[in-house]
Amino acid sequence: MTTADRPERPQYRVIGTRAKRTEGPGKVTGTTVYTADVQLPRMLHAKMVLSPHAHARIVRIEGASALAVPGVSRVVTAADLSEAIRDGSNPAVNPSNRGDALIAHTEVVFAGQPVAVVLGESLAAAEEGAAALLVEYEPLPAVLDIEAAMRADSPLARRPAGAVDRSEESAHVTIDVHAEESGSAPTNISSHVSFSRGDIATGFAESEVVYEHTWRSATLHQGYIEPQATVADFQPATGELVVWTTTQGQFHERDTIMKTLKWPETKLRVIGPELGGGFGGKMAQSSPLVSALAVIAKRPVKLVYSRKDDLLAGRPATGALVKIKTGMKRDGTLMALEASVAYDSGAYPGAPAATGALLMSSFYRWPHLKVDGYEVLTNHVSAGAIRAPGVHNVMQAVEQNIDEMARQAGLDAAEVRLRNAVRTGDPMSSGKEFPAIGLVETVERAQSHPLWQHRDEVRAASTSTKKRGVGLAIGGWLGGLQPAAAELFLNSDGTVNGVTGALDISGTNTSFAQIVAEEMNLPLEKVSITTGDTRTAPFAGMSAGSKTLFTMGKALRDAAIDLRQQMYEVAAERLEANPDDLEVDGGEVRVKGVPTKNISYERLAAITTGFGALYKPLVGRGTVTARVQAPGFTAQIAEVEVDTETGFVEVKNYASVQDVGFAINPMSVEGQLEGGSVQGMGIGLWEEYIYDDSGRLRNAGLLDYRMPTAADVPDIDSTLVEVPSEDGPYGARGVGEPSITAGGAALANAIADAIGARVPMMPATPERILRAMGKLGGSEAAGG
Amino acid sequence: MAKIAYTLHVNGEDHEVYAEPNLTLLEVVRDELRLTGAKEGCGTGDCGACTMHLDGENVTSCLVLGVEAQGRDVLTIEGLAQDGKLHPLQQAFIDHGALQCGFCIPGMILSGVALLERNPHPTREEIRQGIAGNLCRCTGYTKIVDAIEAVATGVAH
């Protein structure tokens, strides 16, 4: 790792250092508790029965055969759900959103949709009952291709429904534009957004190099290693519902259960145990259903998705179809962008049409542009978020077009990007201005990276059957915004404890502790941050959208400053000094310049908590709402070797450069770049939902849904660029999301550099590579 | 299915088990012995989150029946630290930032330990091959390879 472009800044003691993860010992010894580890007395086990049909009417469900299995206690269908809803309504009847479709009611709209749940005294009993359950279907026409679905004469993927709840989508993404919901005429296009600037015809008339292409990208799974799980405990006597669930956001989970079950939040407690990866996919997927099951059964219920369930019935990331035409002057000045992106949203809304259209058109200074984003309903499993939802699909297109135009003009592709990259204050395609950004600095660092500088030598090392190439691509993410709150307490021994409601997925509690230690002038080990639950912690947004450290980090800093100020006020009275003349050092509050005039943190704790103490307890509070985003940009360079006889791609070297604003914990930040880069490789080369002609998933297992292993990928050479953000704590930016956005495109450009041909669909599988080289007949099957 | 009684030797101690004979070793260890460090990520032997050692060899415990482990030495992640002191590889994972969400880590560490017992001085490529049966989605593997290499070469971070 190298840190580049670190500007002059104050000397920090704890932040900016490579702090070891505070929760590390629990994780390496296996003692950390995850949701599936929770076991309760009298707990029932649930097994979902999933539809084998992409679109069908449910003719009947015969529970007797399942109930005959010893240990099966109940079969729950959609009709039973009203037993769990406080007002007796049933959310599953003609639902607008996937979230309400807890169990399919009369009609299934994707293969893998739950049609019933079997409850058993053991998991084995529930599984056996589920296998025995008789469900009769009448298949209906299925809509399985994005382009066909968009035609006016297409059958509908499902019955038109009412208003769409987009709270999950907006928790991830903060953009000021919203797509129009579909109008009155029934269509599979559930939302559409457009952006334009200048005059597109003029733009192309003035262009000297024009490239037009259609790009497809596959539906993907987030690939968290911990499957979805929920344990719900309902106590009929008290009306209390306590829910442990795999979640990125406890409060979002609580609010979703509240809305779905009409359950008062005074009787609802959501606990998010340690989370085994989320990547946008762990958001109220199973907790409303399992909560309902527990209320119906009046016993604790546990549901853990099998991996097959998770692939079939999860909420994967959208595949997309991008049609794009770009124009450039021969000197490398970009002139015109005309493009559309259509996301396969599956059977319910949730695709990032507005985000995709906006980000596709906002990273370069296009004088003339016209872009459209479409969310298209099909009879595939409905989509959810992924790390930077929708962005890899569009960067694949934009970055390959830029690369190809640079090639045609004989220009350095990095130079073209640098010349046209957006700067601070430039408008996005929506017209909104960019805050402080570091795209130029990021591309400059990538351009000077040895991997890019030596690309001619790499290419020259090719043999007749092993072709080598180097590719570069950029990507980025605008960053999420959401209010956050934190509390800090001074302990009797002079240490500090804190609580937030934010789930720690990527080391945020360690970084929070670093921030508090910095402000309190304490060593890191004297600060502890705990993730509370929805009953014990103040509000926190989802750990999603690359905003946890950006928002909650600020709340912690403010809480520390508040706590320090309260300590100064008590100390000032004891020391007979002015609060403004005090400082914290060595676990003491001191008078500046008179270190002997001091009071220890322990003493301050004692005189604010003891019997008969004269002073109020010291509780630091920080509540923030961030209003200015901190977009993060990445530039990634891939070196590949393509076997032209087998189509197999080996990634030889990989560099990931990213503007992180300020790395509170460089070790954690590198981890984000490395993990995101490898996830991007999976997108570019291996990962794909493969459907058969009737819309059934053919690869619902981790052997065939191929995620990168350690043997598939090289070391990631990460470079942190630090262009401070305006509003983040100490200049930090969100770092999780940008890292995934460029990998697919960088690999695609490297492959094109190696073989001299473009692969029109991600992932670039051996078959597609051989076809692009003209070595294999046939055409791409519909899908993606 | 009728339960049967048998003995498992796990982490140096004998445990009496009374369970259905079709339960996997993973299910018995997690649900009966309540050692939940080993995780189920796929149930089909593809992800490695359930990795345990059986007589010193790596196994995916979701593909082994509990009864098959009778009379053999089972090591789970809970048995790796001795007398409250972390195994050097556990410490290296913390020191090198080789863990994020942590779900794959128990299996990953046991695969790393098995690798180092087979091959005390692996190259980075051999390390990558040695842990290729353990999927990790968070780290991108670079820091995991760093951690294993550091123990192999005896270089503290």
# chains A, B, ... in the order shown; residues from 1 in each chain; ligands from 1

call {"tool": "residues_around", "arguments": {"residues": "Glu487 (chain A)", "least_positions_apart": "6", "cutoff": "8 Å", "atoms": "only C-alpha atoms", "output": "list in words"}}
result
Gly498, Val499, Thr500, Pro538, Leu556, Ala559, Val619, Gly620, Arg621 and Gly622 of chain A

call {"tool": "write_last_selection", "arguments": {"atoms": "all heavy atoms", "output": "compact mmCIF listing (two decimals), in the first residue's frame"}}
result
# COMPACT_ATOMS: atom_id res chain seq x y z
N GLY A 498 -18.79 3.70 24.64
CA GLY A 498 -19.74 4.36 23.75
C GLY A 498 -20.71 3.36 23.17
O GLY A 498 -20.43 2.16 23.10
N VAL A 499 -21.87 3.86 22.75
CA VAL A 499 -22.84 2.99 22.11
C VAL A 499 -23.42 3.69 20.89
O VAL A 499 -23.67 4.89 20.90
CB VAL A 499 -23.95 2.56 23.10
CG1 VAL A 499 -24.76 3.75 23.58
CG2 VAL A 499 -24.87 1.52 22.47
N THR A 500 -23.55 2.90 19.83
CA THR A 500 -24.25 3.37 18.64
C THR A 500 -25.15 2.22 18.19
O THR A 500 -25.01 1.10 18.64
CB THR A 500 -23.31 3.73 17.47
OG1 THR A 500 -22.99 2.52 16.75
CG2 THR A 500 -22.05 4.42 17.93
N PRO A 538 -29.24 4.77 20.40
CA PRO A 538 -29.92 5.82 19.64
C PRO A 538 -29.93 5.47 18.15
O PRO A 538 -29.23 4.56 17.72
CB PRO A 538 -29.08 7.06 19.92
CG PRO A 538 -27.73 6.54 20.28
CD PRO A 538 -27.94 5.20 20.92
N LEU A 556 -19.76 10.38 16.53
CA LEU A 556 -18.83 10.01 17.60
C LEU A 556 -17.88 11.16 17.92
O LEU A 556 -17.57 11.42 19.08
CB LEU A 556 -18.04 8.77 17.18
CG LEU A 556 -18.46 7.40 17.70
CD1 LEU A 556 -18.66 7.38 19.21
CD2 LEU A 556 -19.69 6.87 17.03
N ALA A 559 -19.80 13.63 19.86
CA ALA A 559 -20.07 13.12 21.21
C ALA A 559 -18.82 13.26 22.08
O ALA A 559 -18.91 13.62 23.26
CB ALA A 559 -20.51 11.66 21.15
N VAL A 619 -22.36 12.51 30.09
CA VAL A 619 -22.82 11.71 28.94
C VAL A 619 -22.64 12.56 27.69
O VAL A 619 -23.31 13.57 27.53
CB VAL A 619 -24.30 11.30 29.10
CG1 VAL A 619 -24.76 10.54 27.87
CG2 VAL A 619 -24.51 10.49 30.36
N GLY A 620 -21.71 12.14 26.86
CA GLY A 620 -21.47 12.90 25.62
C GLY A 620 -22.43 12.46 24.55
O GLY A 620 -22.66 11.26 24.36
N ARG A 621 -23.03 13.43 23.89
CA ARG A 621 -23.98 13.08 22.81
C ARG A 621 -23.53 13.70 21.51
O ARG A 621 -23.10 14.85 21.47
CB ARG A 621 -25.37 13.62 23.13
CG ARG A 621 -26.12 12.82 24.16
CD ARG A 621 -27.62 13.04 24.07
NE ARG A 621 -28.30 12.14 25.01
CZ ARG A 621 -28.38 12.38 26.32
NH1 ARG A 621 -27.84 13.46 26.83
NH2 ARG A 621 -29.00 11.52 27.10
N GLY A 622 -23.69 12.94 20.47
CA GLY A 622 -23.43 13.48 19.12
C GLY A 622 -24.58 13.09 18.21
O GLY A 622 -24.91 11.92 18.10

call {"tool": "residues_around", "arguments": {"residues": "Ala284 (chain A)", "least_positions_apart": "5", "cutoff": "9 Å", "atoms": "only C-alpha atoms", "output": "PyMOL selection string"}}
result
chain A and resi 99+168+245-250+252-254+256-257

call {"tool": "interface_residues", "arguments": {"of": "chain B", "to": "chain A", "cutoff": "6 Å", "atoms": "only C-alpha atoms", "output": "list in words"}}
result
Gly37, Gly41, Cys42, Asp46, Ile77, Glu78, Gln90, Ile94, Gln100, Cys101, Gly102, Phe103, Pro106, Arg128, Gln129, Ala132, Leu135, Cys138, Thr139, Gly140, Tyr141 and Thr142 of chain B

call {"tool": "select_by_dssp", "arguments": {"residues": "chain B", "states": "helix (DSSP H, G or I)", "output": "MDAnalysis selection string"}}
result
chainID B and resid 25:32 61:63 66:69 77:79 88:95 105:118 124:130 142:153

call {"tool": "select_by_dssp", "arguments": {"residues": "region 32-147 of chain B", "states": "strand (DSSP E)", "output": "PyMOL selection string"}}
result
chain B and resi 51-54+57-60+73-75

call {"tool": "residues_around", "arguments": {"residues": "Ala339 (chain A)", "least_positions_apart": "2", "cutoff": "7 Å", "atoms": "only C-alpha atoms", "output": "list in words"}}
result
Lys323, Ile324, Lys325, Leu337, Val341, Lys370, Val371 and Asp372 of chain A

call {"tool": "write_last_selection", "arguments": {"atoms": "all heavy atoms", "output": "mmCIF file, in the first residue's frame"}}
result
data_model
loop_
_atom_site.group_PDB
_atom_site.id
_atom_site.type_symbol
_atom_site.label_atom_id
_atom_site.label_comp_id
_atom_site.auth_asym_id
_atom_site.auth_seq_id
_atom_site.Cartn_x
_atom_site.Cartn_y
_atom_site.Cartn_z
ATOM 1 N N LYS A 323 -27.305 0.375 -23.962
ATOM 2 C CA LYS A 323 -27.040 0.769 -25.347
ATOM 3 C C LYS A 323 -26.389 2.134 -25.287
ATOM 4 O O LYS A 323 -26.947 3.061 -24.706
ATOM 5 C CB LYS A 323 -28.349 0.818 -26.137
ATOM 6 C CG LYS A 323 -29.008 -0.549 -26.252
ATOM 7 C CD LYS A 323 -30.298 -0.488 -27.029
ATOM 8 C CE LYS A 323 -30.859 -1.900 -27.177
ATOM 9 N NZ LYS A 323 -32.105 -1.921 -27.964
ATOM 10 N N ILE A 324 -25.223 2.252 -25.886
ATOM 11 C CA ILE A 324 -24.455 3.479 -25.687
ATOM 12 C C ILE A 324 -23.737 3.893 -26.963
ATOM 13 O O ILE A 324 -23.169 3.055 -27.674
ATOM 14 C CB ILE A 324 -23.457 3.305 -24.505
ATOM 15 C CG1 ILE A 324 -22.627 4.571 -24.277
ATOM 16 C CG2 ILE A 324 -22.564 2.097 -24.699
ATOM 17 C CD1 ILE A 324 -21.828 4.544 -22.980
ATOM 18 N N LYS A 325 -23.776 5.191 -27.233
ATOM 19 C CA LYS A 325 -23.055 5.782 -28.364
ATOM 20 C C LYS A 325 -22.290 6.977 -27.817
ATOM 21 O O LYS A 325 -22.872 7.816 -27.112
ATOM 22 C CB LYS A 325 -24.048 6.224 -29.432
ATOM 23 C CG LYS A 325 -23.446 6.834 -30.678
ATOM 24 C CD LYS A 325 -24.565 7.227 -31.646
ATOM 25 C CE LYS A 325 -24.019 7.974 -32.850
ATOM 26 N NZ LYS A 325 -25.115 8.469 -33.715
ATOM 27 N N LEU A 337 -22.619 11.904 -25.430
ATOM 28 C CA LEU A 337 -23.006 10.618 -24.843
ATOM 29 C C LEU A 337 -24.508 10.433 -25.037
ATOM 30 O O LEU A 337 -25.297 11.268 -24.593
ATOM 31 C CB LEU A 337 -22.689 10.599 -23.345
ATOM 32 C CG LEU A 337 -23.335 9.472 -22.526
ATOM 33 C CD1 LEU A 337 -22.735 8.112 -22.873
ATOM 34 C CD2 LEU A 337 -23.190 9.732 -21.025
ATOM 35 N N VAL A 341 -29.884 2.669 -20.107
ATOM 36 C CA VAL A 341 -29.627 1.471 -19.320
ATOM 37 C C VAL A 341 -30.972 0.931 -18.862
ATOM 38 O O VAL A 341 -31.810 1.681 -18.350
ATOM 39 C CB VAL A 341 -28.692 1.749 -18.109
ATOM 40 C CG1 VAL A 341 -29.210 2.881 -17.227
ATOM 41 C CG2 VAL A 341 -28.516 0.478 -17.268
ATOM 42 N N LYS A 370 -27.518 12.665 -23.530
ATOM 43 C CA LYS A 370 -28.911 12.259 -23.371
ATOM 44 C C LYS A 370 -28.894 10.816 -22.872
ATOM 45 O O LYS A 370 -28.391 9.928 -23.560
ATOM 46 C CB LYS A 370 -29.658 12.346 -24.702
ATOM 47 C CG LYS A 370 -31.126 11.971 -24.587
ATOM 48 C CD LYS A 370 -31.845 12.056 -25.930
ATOM 49 C CE LYS A 370 -33.337 11.760 -25.770
ATOM 50 N NZ LYS A 370 -33.625 10.543 -25.010
ATOM 51 N N VAL A 371 -29.383 10.617 -21.649
ATOM 52 C CA VAL A 371 -29.383 9.263 -21.091
ATOM 53 C C VAL A 371 -30.749 8.932 -20.511
ATOM 54 O O VAL A 371 -31.463 9.809 -20.021
ATOM 55 C CB VAL A 371 -28.313 9.075 -19.985
ATOM 56 C CG1 VAL A 371 -26.919 9.128 -20.557
ATOM 57 C CG2 VAL A 371 -28.484 10.078 -18.886
ATOM 58 N N ASP A 372 -31.084 7.667 -20.596
ATOM 59 C CA ASP A 372 -32.333 7.170 -20.032
ATOM 60 C C ASP A 372 -32.048 5.958 -19.159
ATOM 61 O O ASP A 372 -31.218 5.123 -19.516
ATOM 62 C CB ASP A 372 -33.297 6.731 -21.149
ATOM 63 C CG ASP A 372 -33.814 7.915 -21.942
ATOM 64 O OD1 ASP A 372 -34.775 8.542 -21.488
ATOM 65 O OD2 ASP A 372 -33.213 8.222 -23.004
#
